[in-house]
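File shown: coords_34.txt (compact mmCIF, C-alpha atoms and all ligand atoms).
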```txt
# COMPACT_ATOMS: atom_id res chain seq x y z
CA MET H 7 -31.11 -39.84 -64.66
CA MET H 8 -34.42 -38.15 -63.89
CA ARG H 9 -37.13 -38.63 -66.54
CA ILE H 10 -39.71 -35.93 -67.30
CA LEU H 11 -43.15 -37.46 -67.94
CA PRO H 12 -46.13 -35.67 -69.56
CA LEU H 13 -48.88 -35.23 -66.87
CA THR H 14 -52.62 -35.76 -67.41
CA LEU H 15 -55.13 -33.36 -65.72
CA PRO H 16 -56.20 -35.90 -63.00
CA ALA H 17 -52.54 -36.56 -62.27
CA VAL H 18 -51.87 -32.81 -61.90
CA LEU H 19 -54.91 -32.43 -59.56
CA SER H 20 -53.81 -35.38 -57.48
CA ARG H 21 -50.31 -33.94 -57.14
CA LEU H 22 -51.71 -30.56 -56.15
CA ARG H 23 -53.88 -32.23 -53.52
CA SER H 24 -50.95 -34.11 -52.03
CA ALA H 25 -48.82 -30.95 -52.15
CA ALA H 26 -51.55 -29.10 -50.24
CA ARG H 27 -51.76 -31.93 -47.69
CA PHE H 28 -47.96 -31.75 -47.33
CA SER H 29 -48.07 -27.96 -46.87
CA VAL H 30 -50.61 -28.27 -44.06
CA PHE H 31 -48.46 -30.96 -42.47
CA ALA H 32 -45.29 -28.85 -42.94
CA LEU H 33 -46.99 -25.79 -41.49
CA ALA H 34 -48.15 -27.74 -38.45
CA LEU H 35 -44.65 -29.16 -38.03
CA CYS H 36 -43.11 -25.67 -38.29
CA ILE H 37 -45.50 -24.31 -35.68
CA LEU H 38 -44.69 -27.21 -33.38
CA LEU H 39 -40.96 -26.77 -33.90
CA LEU H 40 -40.96 -23.00 -33.70
CA ALA H 41 -43.21 -22.70 -30.66
CA PRO H 42 -40.52 -23.53 -28.10
CA CYS H 43 -38.03 -21.23 -29.88
CA ALA H 44 -40.50 -18.35 -30.10
CA SER H 45 -41.30 -18.64 -26.41
CA HIS H 46 -37.65 -18.94 -25.39
CA ALA H 47 -37.27 -15.19 -24.83
CA LEU H 48 -39.42 -12.66 -23.02
CA GLU H 49 -41.42 -10.87 -25.70
CA ASN H 50 -41.40 -7.37 -24.21
CA GLY H 51 -39.11 -5.95 -26.88
CA LEU H 52 -36.59 -4.69 -24.28
CA ALA H 53 -32.92 -5.35 -23.58
CA ARG H 54 -32.12 -6.40 -27.14
CA THR H 55 -28.54 -5.68 -26.11
CA PRO H 56 -27.46 -6.13 -22.46
CA PRO H 57 -28.82 -3.32 -20.24
CA MET H 58 -26.25 -0.74 -19.11
CA GLY H 59 -26.60 1.43 -16.04
CA TRP H 60 -25.71 1.86 -12.39
CA ASN H 61 -27.07 0.37 -9.16
CA THR H 62 -26.72 1.66 -5.59
CA TRP H 63 -25.96 -1.65 -3.88
CA ASN H 64 -22.27 -2.53 -4.38
CA ARG H 65 -20.97 0.82 -3.16
CA PHE H 66 -23.72 2.26 -0.93
CA GLY H 67 -25.51 -0.85 0.40
CA CYS H 68 -28.35 -0.18 2.81
CA LYS H 69 -26.62 2.09 5.31
CA ASP H 70 -25.27 4.80 3.00
CA VAL H 71 -27.95 4.99 0.32
CA ASN H 72 -30.26 8.03 0.05
CA GLU H 73 -31.78 10.29 -2.58
CA SER H 74 -28.79 12.68 -2.66
CA VAL H 75 -26.50 9.79 -3.57
CA VAL H 76 -28.87 8.76 -6.36
CA ARG H 77 -29.23 12.30 -7.74
CA ALA H 78 -25.44 12.74 -7.67
CA ALA H 79 -25.09 9.44 -9.52
CA ALA H 80 -27.51 10.60 -12.22
CA ASP H 81 -25.58 13.86 -12.59
CA ALA H 82 -22.26 12.00 -12.74
CA MET H 83 -23.54 9.52 -15.29
CA VAL H 84 -24.17 12.45 -17.61
CA SER H 85 -21.12 14.62 -16.81
CA SER H 86 -18.59 11.74 -16.87
CA GLY H 87 -19.61 10.72 -20.38
CA MET H 88 -21.09 7.42 -19.20
CA LYS H 89 -24.50 8.30 -20.58
CA ALA H 90 -22.94 9.07 -23.96
CA ALA H 91 -21.13 5.71 -23.80
CA GLY H 92 -24.47 3.88 -23.43
CA TYR H 93 -25.17 3.69 -19.67
CA GLN H 94 -28.84 4.41 -19.12
CA TYR H 95 -30.49 2.94 -16.02
CA ILE H 96 -30.15 4.42 -12.52
CA VAL H 97 -31.41 1.67 -10.21
CA ILE H 98 -32.13 2.01 -6.49
CA ASP H 99 -31.54 -1.31 -4.77
CA ASP H 100 -32.71 -2.48 -1.34
CA CYS H 101 -33.79 -0.21 1.55
CA TRP H 102 -35.96 2.36 -0.23
CA GLN H 103 -39.16 0.88 1.32
CA THR H 104 -40.37 1.00 4.93
CA GLY H 105 -43.90 -0.39 5.01
CA ARG H 106 -47.37 -0.33 3.48
CA ASP H 107 -50.37 1.90 4.09
CA ALA H 108 -53.78 0.57 5.15
CA ALA H 109 -54.62 -0.19 1.51
CA GLY H 110 -51.38 -2.14 1.07
CA ASN H 111 -49.61 0.51 -1.04
CA ILE H 112 -45.84 0.41 -0.69
CA LEU H 113 -44.33 3.38 1.19
CA ALA H 114 -40.87 4.86 0.66
CA ASP H 115 -38.46 5.45 3.56
CA PRO H 116 -39.07 9.11 4.53
CA VAL H 117 -35.57 9.48 5.99
CA LYS H 118 -33.59 8.15 3.03
CA TYR H 119 -36.00 9.43 0.36
CA PRO H 120 -37.72 12.52 1.86
CA SER H 121 -38.78 13.86 -1.55
CA GLY H 122 -40.40 10.55 -2.46
CA ILE H 123 -39.85 8.13 -5.29
CA GLN H 124 -41.92 10.06 -7.83
CA ALA H 125 -39.66 13.11 -7.48
CA LEU H 126 -36.54 10.95 -7.78
CA ALA H 127 -37.83 9.19 -10.89
CA ASP H 128 -38.68 12.59 -12.40
CA TYR H 129 -35.17 13.84 -11.63
CA VAL H 130 -33.53 10.83 -13.26
CA HIS H 131 -35.77 11.20 -16.31
CA SER H 132 -34.98 14.92 -16.50
CA ARG H 133 -31.31 13.96 -16.97
CA GLY H 134 -32.30 11.86 -20.00
CA LEU H 135 -31.83 8.60 -18.07
CA LYS H 136 -34.09 5.71 -17.07
CA PHE H 137 -35.12 4.80 -13.52
CA GLY H 138 -35.07 1.40 -11.86
CA ILE H 139 -36.25 0.01 -8.55
CA TYR H 140 -35.76 -3.11 -6.41
CA THR H 141 -38.18 -5.52 -4.77
CA ASP H 142 -38.27 -9.11 -3.55
CA ALA H 143 -40.44 -12.11 -4.40
CA GLY H 144 -40.75 -13.04 -0.73
CA VAL H 145 -42.38 -11.47 2.32
CA LYS H 146 -39.38 -9.25 3.04
CA THR H 147 -36.36 -8.07 1.08
CA CYS H 148 -32.88 -9.31 1.98
CA ALA H 149 -32.47 -6.23 4.21
CA GLY H 150 -35.82 -6.86 5.90
CA ARG H 151 -37.95 -4.28 4.07
CA PRO H 152 -41.40 -5.23 2.71
CA GLY H 153 -41.34 -7.69 -0.21
CA SER H 154 -43.88 -8.02 -3.02
CA LEU H 155 -45.36 -11.46 -2.24
CA GLY H 156 -49.13 -11.11 -2.64
CA HIS H 157 -48.77 -7.47 -3.74
CA GLU H 158 -47.24 -8.03 -7.19
CA TYR H 159 -49.99 -6.34 -9.26
CA GLN H 160 -50.39 -3.51 -6.77
CA ASP H 161 -46.63 -2.86 -6.68
CA ALA H 162 -46.20 -3.11 -10.45
CA ALA H 163 -49.03 -0.59 -10.94
CA GLN H 164 -47.35 1.77 -8.45
CA TYR H 165 -43.98 1.42 -10.20
CA ALA H 166 -45.63 2.23 -13.53
CA ARG H 167 -47.32 5.34 -12.05
CA TRP H 168 -43.92 6.52 -10.81
CA GLY H 169 -42.42 5.93 -14.26
CA VAL H 170 -40.19 3.01 -13.35
CA ASP H 171 -38.30 1.53 -16.34
CA PHE H 172 -36.48 -1.40 -14.69
CA VAL H 173 -37.42 -3.76 -11.84
CA LYS H 174 -34.99 -6.07 -10.04
CA GLU H 175 -36.75 -8.76 -7.97
CA ASP H 176 -34.74 -10.57 -5.29
CA TRP H 177 -35.35 -13.96 -3.64
CA CYS H 178 -34.99 -13.52 0.14
CA ASN H 179 -37.59 -14.46 2.78
CA THR H 180 -39.74 -16.59 0.50
CA VAL H 181 -42.33 -18.92 2.01
CA PRO H 182 -41.81 -22.70 2.25
CA GLY H 183 -42.44 -24.38 -1.08
CA GLN H 184 -42.50 -21.13 -3.06
CA SER H 185 -41.57 -21.77 -6.71
CA SER H 186 -39.14 -19.35 -8.31
CA GLU H 187 -40.48 -19.92 -11.82
CA ALA H 188 -44.10 -19.37 -10.73
CA SER H 189 -43.26 -16.31 -8.59
CA TYR H 190 -41.27 -14.55 -11.28
CA THR H 191 -44.01 -15.37 -13.80
CA VAL H 192 -46.52 -13.54 -11.58
CA MET H 193 -44.33 -10.43 -11.50
CA ARG H 194 -43.66 -10.65 -15.25
CA ASN H 195 -47.42 -10.69 -15.85
CA ALA H 196 -48.01 -7.87 -13.37
CA LEU H 197 -45.40 -5.70 -15.11
CA ALA H 198 -46.85 -6.54 -18.53
CA ALA H 199 -50.34 -5.62 -17.30
CA THR H 200 -49.18 -2.05 -16.61
CA GLY H 201 -48.57 -1.52 -20.33
CA ARG H 202 -45.30 0.31 -19.51
CA PRO H 203 -42.04 -1.00 -20.98
CA ILE H 204 -40.14 -2.26 -17.92
CA VAL H 205 -36.97 -4.35 -18.01
CA PHE H 206 -37.39 -7.30 -15.63
CA SER H 207 -34.26 -8.41 -13.77
CA ILE H 208 -34.57 -11.74 -11.93
CA CYS H 209 -32.30 -12.16 -8.92
CA GLU H 210 -32.48 -15.65 -7.39
CA TRP H 211 -28.67 -15.99 -7.53
CA GLY H 212 -28.68 -19.01 -9.87
CA SER H 213 -30.14 -21.09 -7.02
CA THR H 214 -32.80 -22.79 -9.17
CA HIS H 215 -30.91 -22.76 -12.51
CA PRO H 216 -32.85 -19.84 -14.04
CA TRP H 217 -31.07 -20.20 -17.40
CA LEU H 218 -33.25 -23.29 -17.89
CA TRP H 219 -36.60 -21.52 -17.34
CA ALA H 220 -36.25 -17.74 -17.11
CA GLY H 221 -35.83 -16.93 -20.83
CA PRO H 222 -39.56 -16.31 -21.38
CA ILE H 223 -39.94 -14.61 -17.98
CA GLY H 224 -37.11 -12.12 -17.44
CA ASN H 225 -34.78 -9.94 -19.50
CA MET H 226 -31.85 -11.04 -17.33
CA TRP H 227 -31.27 -13.39 -14.43
CA ARG H 228 -28.50 -13.55 -11.88
CA ALA H 229 -26.47 -16.67 -12.51
CA THR H 230 -24.41 -16.59 -9.31
CA SER H 231 -24.56 -15.46 -5.70
CA ASP H 232 -23.42 -11.95 -4.75
CA ILE H 233 -20.21 -10.63 -6.25
CA GLN H 234 -17.39 -9.76 -3.86
CA ASP H 235 -14.85 -7.06 -4.67
CA CYS H 236 -11.93 -9.48 -4.90
CA TRP H 237 -10.09 -11.56 -7.51
CA ASP H 238 -10.26 -15.01 -5.94
CA CYS H 239 -12.45 -15.40 -2.87
CA LYS H 240 -15.35 -17.59 -1.87
CA ARG H 241 -17.33 -16.45 1.15
CA PRO H 242 -18.76 -19.05 3.58
CA TRP H 243 -22.30 -17.81 2.85
CA GLY H 244 -21.73 -18.16 -0.89
CA GLY H 245 -20.39 -14.79 -2.10
CA ASN H 246 -18.06 -15.05 -5.07
CA GLY H 247 -14.93 -13.31 -6.28
CA PHE H 248 -14.18 -12.61 -9.93
CA LEU H 249 -12.64 -16.03 -10.68
CA GLN H 250 -15.48 -17.96 -9.04
CA ILE H 251 -18.04 -16.05 -11.12
CA ILE H 252 -16.36 -16.52 -14.48
CA ASP H 253 -16.09 -20.26 -13.87
CA GLN H 254 -19.85 -20.39 -13.24
CA MET H 255 -20.66 -18.31 -16.34
CA ASP H 256 -18.65 -20.49 -18.74
CA PRO H 257 -20.89 -23.58 -18.95
CA ILE H 258 -24.15 -21.64 -19.38
CA TYR H 259 -23.11 -19.47 -22.32
CA SER H 260 -25.61 -20.91 -24.78
CA TYR H 261 -28.64 -19.71 -22.76
CA ALA H 262 -28.07 -15.97 -23.31
CA GLY H 263 -29.30 -13.93 -26.25
CA PRO H 264 -31.09 -10.70 -27.21
CA GLY H 265 -33.76 -9.92 -24.60
CA HIS H 266 -32.63 -12.61 -22.14
CA TRP H 267 -29.19 -12.45 -20.55
CA ASN H 268 -27.16 -14.39 -17.99
CA ASP H 269 -26.24 -11.85 -15.28
CA PRO H 270 -22.93 -12.38 -13.44
CA ASP H 271 -23.90 -9.54 -11.03
CA MET H 272 -23.11 -5.84 -10.98
CA LEU H 273 -19.66 -4.38 -11.56
CA GLU H 274 -17.19 -3.75 -8.75
CA VAL H 275 -14.91 -1.61 -10.96
CA GLY H 276 -13.70 1.36 -8.91
CA ASN H 277 -14.71 0.07 -5.47
CA GLY H 278 -11.13 -0.47 -4.30
CA GLY H 279 -10.85 -4.20 -3.63
CA MET H 280 -8.95 -5.07 -6.81
CA THR H 281 -6.08 -3.53 -8.79
CA ASP H 282 -6.80 -1.60 -11.97
CA ALA H 283 -5.43 -4.54 -14.02
CA GLU H 284 -7.85 -6.87 -12.21
CA TYR H 285 -10.71 -4.46 -12.86
CA ARG H 286 -9.77 -4.40 -16.57
CA ALA H 287 -10.03 -8.20 -16.50
CA HIS H 288 -13.43 -7.95 -14.75
CA PHE H 289 -14.78 -5.47 -17.32
CA SER H 290 -13.32 -7.44 -20.25
CA LEU H 291 -14.89 -10.73 -19.17
CA TRP H 292 -18.27 -9.14 -18.41
CA SER H 293 -18.27 -7.71 -21.95
CA LEU H 294 -17.22 -11.03 -23.43
CA PHE H 295 -20.20 -12.56 -21.55
CA SER H 296 -22.69 -10.06 -23.07
CA ALA H 297 -23.45 -9.31 -19.41
CA PRO H 298 -25.60 -6.40 -18.26
CA LEU H 299 -23.06 -3.65 -17.45
CA MET H 300 -24.38 -2.15 -14.20
CA ALA H 301 -21.69 0.03 -12.66
CA GLY H 302 -21.58 -0.29 -8.87
CA ASN H 303 -19.12 2.41 -7.86
CA ASP H 304 -19.35 6.03 -6.71
CA MET H 305 -19.58 7.65 -10.14
CA ALA H 306 -19.40 11.13 -8.64
CA HIS H 307 -15.86 10.41 -7.36
CA MET H 308 -14.11 8.22 -9.92
CA THR H 309 -10.35 7.97 -10.45
CA ALA H 310 -9.09 8.50 -13.99
CA ALA H 311 -8.28 4.77 -14.20
CA THR H 312 -11.83 3.77 -13.20
CA ARG H 313 -13.31 6.18 -15.72
CA GLU H 314 -11.05 4.82 -18.45
CA ILE H 315 -12.21 1.27 -17.73
CA LEU H 316 -15.94 1.99 -17.53
CA LEU H 317 -15.75 4.21 -20.61
CA ASN H 318 -13.70 1.94 -22.87
CA LYS H 319 -15.94 2.16 -25.92
CA GLU H 320 -14.17 -0.64 -27.79
CA VAL H 321 -14.81 -3.08 -24.95
CA ILE H 322 -18.37 -1.82 -24.48
CA ALA H 323 -18.94 -2.46 -28.21
CA VAL H 324 -18.04 -6.11 -27.60
CA ASP H 325 -20.65 -6.29 -24.83
CA GLN H 326 -23.26 -4.57 -26.99
CA ASP H 327 -22.61 -6.58 -30.14
CA PRO H 328 -26.07 -6.92 -31.73
CA MET H 329 -25.76 -10.65 -32.34
CA GLY H 330 -25.77 -11.12 -28.55
CA ILE H 331 -23.72 -14.31 -28.35
CA GLN H 332 -22.18 -14.98 -24.94
CA GLY H 333 -18.46 -15.83 -25.17
CA HIS H 334 -16.87 -18.78 -23.41
CA ARG H 335 -13.54 -20.39 -22.56
CA VAL H 336 -11.88 -22.09 -25.53
CA GLN H 337 -8.40 -22.96 -24.21
CA LYS H 338 -7.03 -23.68 -20.75
CA ASP H 339 -3.48 -24.48 -19.69
CA GLY H 340 -3.33 -24.31 -15.89
CA PRO H 341 -3.86 -20.65 -14.95
CA LEU H 342 -3.54 -19.47 -18.57
CA GLU H 343 -6.82 -19.21 -20.45
CA VAL H 344 -8.27 -18.03 -23.76
CA TRP H 345 -11.89 -16.86 -23.93
CA SER H 346 -13.63 -16.05 -27.21
CA LYS H 347 -16.85 -14.38 -28.30
CA GLN H 348 -18.24 -14.48 -31.82
CA LEU H 349 -19.20 -11.03 -33.12
CA GLY H 350 -21.81 -9.97 -35.68
CA ASP H 351 -19.19 -8.85 -38.24
CA GLY H 352 -17.53 -12.27 -38.31
CA GLY H 353 -14.78 -11.18 -35.92
CA ARG H 354 -13.93 -12.58 -32.52
CA ALA H 355 -13.38 -10.76 -29.25
CA VAL H 356 -10.63 -12.70 -27.49
CA VAL H 357 -9.51 -12.37 -23.88
CA LEU H 358 -6.15 -13.85 -22.86
CA LEU H 359 -6.51 -14.31 -19.09
CA ASN H 360 -3.62 -14.94 -16.71
CA ARG H 361 -5.07 -16.17 -13.40
CA GLY H 362 -1.58 -16.90 -12.09
CA ASP H 363 1.01 -14.94 -10.14
CA GLN H 364 3.66 -14.48 -12.86
CA THR H 365 3.74 -12.86 -16.28
CA ALA H 366 3.28 -15.50 -18.97
CA ALA H 367 2.90 -15.85 -22.73
CA ILE H 368 -0.60 -16.88 -23.81
CA THR H 369 -1.42 -17.98 -27.36
CA ALA H 370 -4.87 -17.88 -28.95
CA ASN H 371 -5.00 -20.46 -31.73
CA TRP H 372 -7.29 -19.67 -34.67
CA THR H 373 -8.61 -23.24 -34.67
CA ALA H 374 -9.80 -22.77 -31.07
CA ILE H 375 -11.81 -19.66 -32.00
CA GLY H 376 -13.40 -21.19 -35.08
CA TYR H 377 -11.05 -20.06 -37.87
CA PRO H 378 -8.85 -22.13 -40.20
CA ALA H 379 -5.17 -22.08 -39.22
CA THR H 380 -4.25 -20.67 -42.64
CA LEU H 381 -6.39 -17.53 -42.25
CA ALA H 382 -4.74 -14.10 -42.06
CA ALA H 383 -6.55 -11.70 -39.73
CA GLU H 384 -6.29 -8.17 -38.35
CA VAL H 385 -5.61 -8.00 -34.60
CA ARG H 386 -6.52 -4.93 -32.57
CA ASP H 387 -5.71 -4.45 -28.87
CA LEU H 388 -8.87 -3.10 -27.22
CA TRP H 389 -7.12 -1.71 -24.11
CA LEU H 390 -4.11 -0.16 -25.89
CA HIS H 391 -6.42 1.00 -28.72
CA GLN H 392 -3.81 -0.13 -31.25
CA ASP H 393 -3.88 -2.09 -34.48
CA LEU H 394 -1.26 -4.83 -34.33
CA ALA H 395 0.28 -6.66 -37.29
CA ARG H 396 -1.79 -9.15 -39.31
CA HIS H 397 -1.48 -12.62 -37.86
CA THR H 398 -1.97 -16.07 -39.39
CA GLY H 399 -2.89 -19.11 -37.32
CA SER H 400 -2.44 -17.67 -33.84
CA TYR H 401 -1.76 -14.60 -31.71
CA THR H 402 0.56 -14.61 -28.68
CA ALA H 403 0.89 -11.91 -26.01
CA GLN H 404 2.77 -11.55 -22.73
CA VAL H 405 0.09 -11.22 -20.06
CA PRO H 406 1.01 -9.93 -16.59
CA ALA H 407 -0.18 -11.74 -13.45
CA HIS H 408 -3.89 -11.25 -12.60
CA ALA H 409 -4.52 -9.45 -15.86
CA VAL H 410 -5.84 -9.76 -19.39
CA VAL H 411 -4.95 -8.80 -22.90
CA MET H 412 -8.11 -8.26 -24.94
CA VAL H 413 -8.04 -8.17 -28.71
CA LYS H 414 -10.46 -8.16 -31.58
CA ILE H 415 -9.55 -10.54 -34.39
CA LEU H 416 -11.08 -9.81 -37.79
CA PRO H 417 -10.41 -11.86 -40.93
C1 LIG H 501 -29.20 -9.74 -2.44
C2 LIG H 501 -28.88 -9.43 -3.89
C3 LIG H 501 -27.99 -8.22 -3.98
C4 LIG H 501 -28.67 -7.03 -3.30
C5 LIG H 501 -29.04 -7.37 -1.87
C6 LIG H 501 -29.91 -6.32 -1.23
O1 LIG H 501 -28.06 -10.14 -1.73
O2 LIG H 501 -28.29 -10.53 -4.52
O3 LIG H 501 -27.68 -7.90 -5.32
O4 LIG H 501 -29.81 -6.69 -4.05
O5 LIG H 501 -29.77 -8.60 -1.81
O6 LIG H 501 -30.26 -6.64 0.06
```
Same coordinates, now as structure tokens:
Amino acid sequence: MMRILPLTLPAVLSRLRSAARFSVFALALCILLLAPCASHALENGLARTPPMGWNTWNRFGCKDVNESVVRAAADAMVSSGMKAAGYQYIVIDDCWQTGRDAAGNILADPVKYPSGIQALADYVHSRGLKFGIYTDAGVKTCAGRPGSLGHEYQDAAQYARWGVDFVKEDWCNTVPGQSSEASYTVMRNALAATGRPIVFSICEWGSTHPWLWAGPIGNMWRATSDIQDCWDCKRPWGGNGFLQIIDQMDPIYSYAGPGHWNDPDMLEVGNGGMTDAEYRAHFSLWSLFSAPLMAGNDMAHMTAATREILLNKEVIAVDQDPMGIQGHRVQKDGPLEVWSKQLGDGGRAVVLLNRGDQTAAITANWTAIGYPATLAAEVRDLWLHQDLARHTGSYTAQVPAHAVVMVKILP
């Protein structure tokens, strides 16, 4: 039993002194412990939920991109309802640059962008959207246009004058020995020096494990090499299909969070290489990953099925969950998998994925998603937009080949 002793004045003073010494020690300890956490994420206040937008590259590449395409995309983002659903950034990828003037200022391609970048940024802003641009940390971009190496502050200042809101920086044509962490830090500092809020998207394809160092540098970093518009395909030069990408995203889930996201690359939904069921799987997993949702299709000419996928507000809400936890795989039985993401309201977004070639039953067990087996929970199908019966312990669905069932489970 604890005894309470009467204290004399010197004893009280001595205790106060030791308490003060302890407080100083505790404060120092807290600062030491908190410092790495505080610096874990880029402190530019942006991308608190994963950025949503559209990028020219997947559909228009270098050959077919021009300012008319970009203006039409901005118009379509508004008229299709994508803006209302949360898509915001219109990003021009590679091939907008041709060279530099005598003072080293970057020049836009006069054939593809005859009105100039300022006019295009103004147009995008006039539609109530944000404008993004692409560069490269090396001497040249991947398509051979001028890169930003040695021009980082000059380029960042130019972007800010144009009103750029998002910068993607690629990793082609670097010089021998160039450090990715140091290079992206230079561009981060150059963007910060402009004083303009600019989302910084790092694109070194996961080649130097950016999840380990890019948190304080970028708002998002590509975790894999370029996405291919196919379910299961590995290209000799490293391109990845849907299945290859999700397998690479699984082990790095703990590195993502508000302001700093793992990026599995831009969406292929609507580009024609996969079935609609496969595209639903693609969109479901990207949302479960808290991935940036950058559409990569021709928004001005979407099928009804593509529009329905990109505009599924219940799935988008999973992606944009404010807690910002990246989901991961919790069960695997051959080609049958269960993926789960913890949500801010205590619920779970759960994807039942059938990688195989035949319809199969897949069961999500409550214990695998962090609930007791005795718990009764609401289950809602996020693609059928239907409340299902309450379930206790598990939920089973028939999942067609190359497809998902996605549900929200809420105790
Ligand atoms: C790299 C990137 C792509 C795209 C192209 C442009 O391959 O990973 O996303 O930006 O360059 O050339």
Quiz item: Which residues, protein or nucleic acid, reach to within 8 Å of (-28.0, -13.0, -0.1) in the file's coordinates when using all atoms listed in the file, and can you give that as a PyMOL selection string?
Solution: chain H and resi 148+178+231-232
Quiz prompt | Close residues, Tyr93 of chain H itself excluded, 7 Å, only C-alpha atoms, min 3 positions apart in chain, as a PyMOL selection string | solution = chain H and resi 58-59+88-89
Self-check item: Option closest in space to Trp267 of chain H, from H:Arg228, H:Arg151, H:Arg65, H:Arg241 [counting all atoms listed in the file]
Solution: H:Arg228
Exercise. Enumerate residues in contact with ligand LIG 501 (chain H): an atom-to-atom distance of at most 7 Å, counting all atoms listed in the file. Format the result as a PyMOL selection string.
Key: chain H and resi 63+99-100+147-149+176+209+211+231-232
Exercise. Might you pull out every residue within 7 Å of segment 74-84 of chain H, with all atoms listed in the file counted and same-chain residues fewer than 2 positions away left off, and present them as a ChimeraX atom specification?
Key: /H:71-72,86-89,96,130,133,305-306
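The two atoms in question, atom CA of Met300 of chain H and atom CA of Trp60 of chain H, are spaced 4.6 Å apart.
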Quiz item: Separation of atom CA of Gly224 of chain H and atom CA of Asn303 of chain H, in Å?
Solution: 25.0 Å
Quiz item: Do you have the atom CA of Val357 of chain H-atom CA of Asn61 of chain H distance handy?
Solution: 26.2 Å
Exercise. Could you please give me, as a list in words, the residues of protein, DNA or RNA lying at most 9 Å from (-25.5, -6.2, -39.7) in the coordinate frame of the file, considering only C-alpha atoms?
Key: Pro328, Met329, Gly350 and Asp351 of chain H
Might you pull out every residue within 7 Å of His408 of chain H, with all atoms listed in the file counted and same-chain residues fewer than 6 positions away left off, and present them as a PDB file with C-alpha atoms, in the coordinates of the input?
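What ended up in around33.pdb:
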```pdb
ATOM      1  CA  GLU H 284      -7.850  -6.870 -12.210  1.00  0.00           C
ATOM      2  CA  ASN H 360      -3.620 -14.940 -16.710  1.00  0.00           C
ATOM      3  CA  ARG H 361      -5.070 -16.170 -13.400  1.00  0.00           C
ATOM      4  CA  GLY H 362      -1.580 -16.900 -12.090  1.00  0.00           C
ATOM      5  CA  ASP H 363       1.010 -14.940 -10.140  1.00  0.00           C
TER       6      ASP H 363
END
```
Exercise. Determine, counting only C-alpha atoms, which protein, DNA and RNA residues have an atom within 12 Å of an atom of segment 274-280 of chain H; residues of the same chain fewer than 6 positions away are not included. Present the result as JSON, numbers by chain.
Key: {"H": [60, 61, 62, 63, 64, 65, 66, 232, 233, 234, 235, 236, 237, 238, 239, 246, 247, 248, 286, 287, 288, 289, 290, 292, 299, 300, 301, 302, 303, 304, 305, 306, 307, 308, 309, 310, 311, 312, 313, 314, 315, 316, 317, 408, 409]}
Quiz item: For Ala162 of chain H, which residue among H:His46, H:Arg194, H:His131, H:Lys136 is the nearest when counting all atoms listed in the file?
Solution: H:Arg194
Practice problem: Find the residues around Gln124 of chain H up to 9 Å (only C-alpha atoms counted), leave out those fewer than 3 positions away in its own chain, and share them as number ranges by chain. | Solution: H: 121, 127-129, 167-169
Practice problem: Using all atoms listed in the file, find the one residue out of H:Thr398, H:Thr55, H:Gln392, H:Ile415 that sits nearest to Gln326 of chain H. | Solution: H:Thr55
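Distance check against Gln254 of chain H using all atoms listed in the file: of H:Pro116, H:Ile204, H:Arg335, H:Ala188, the minimum falls on H:Arg335.
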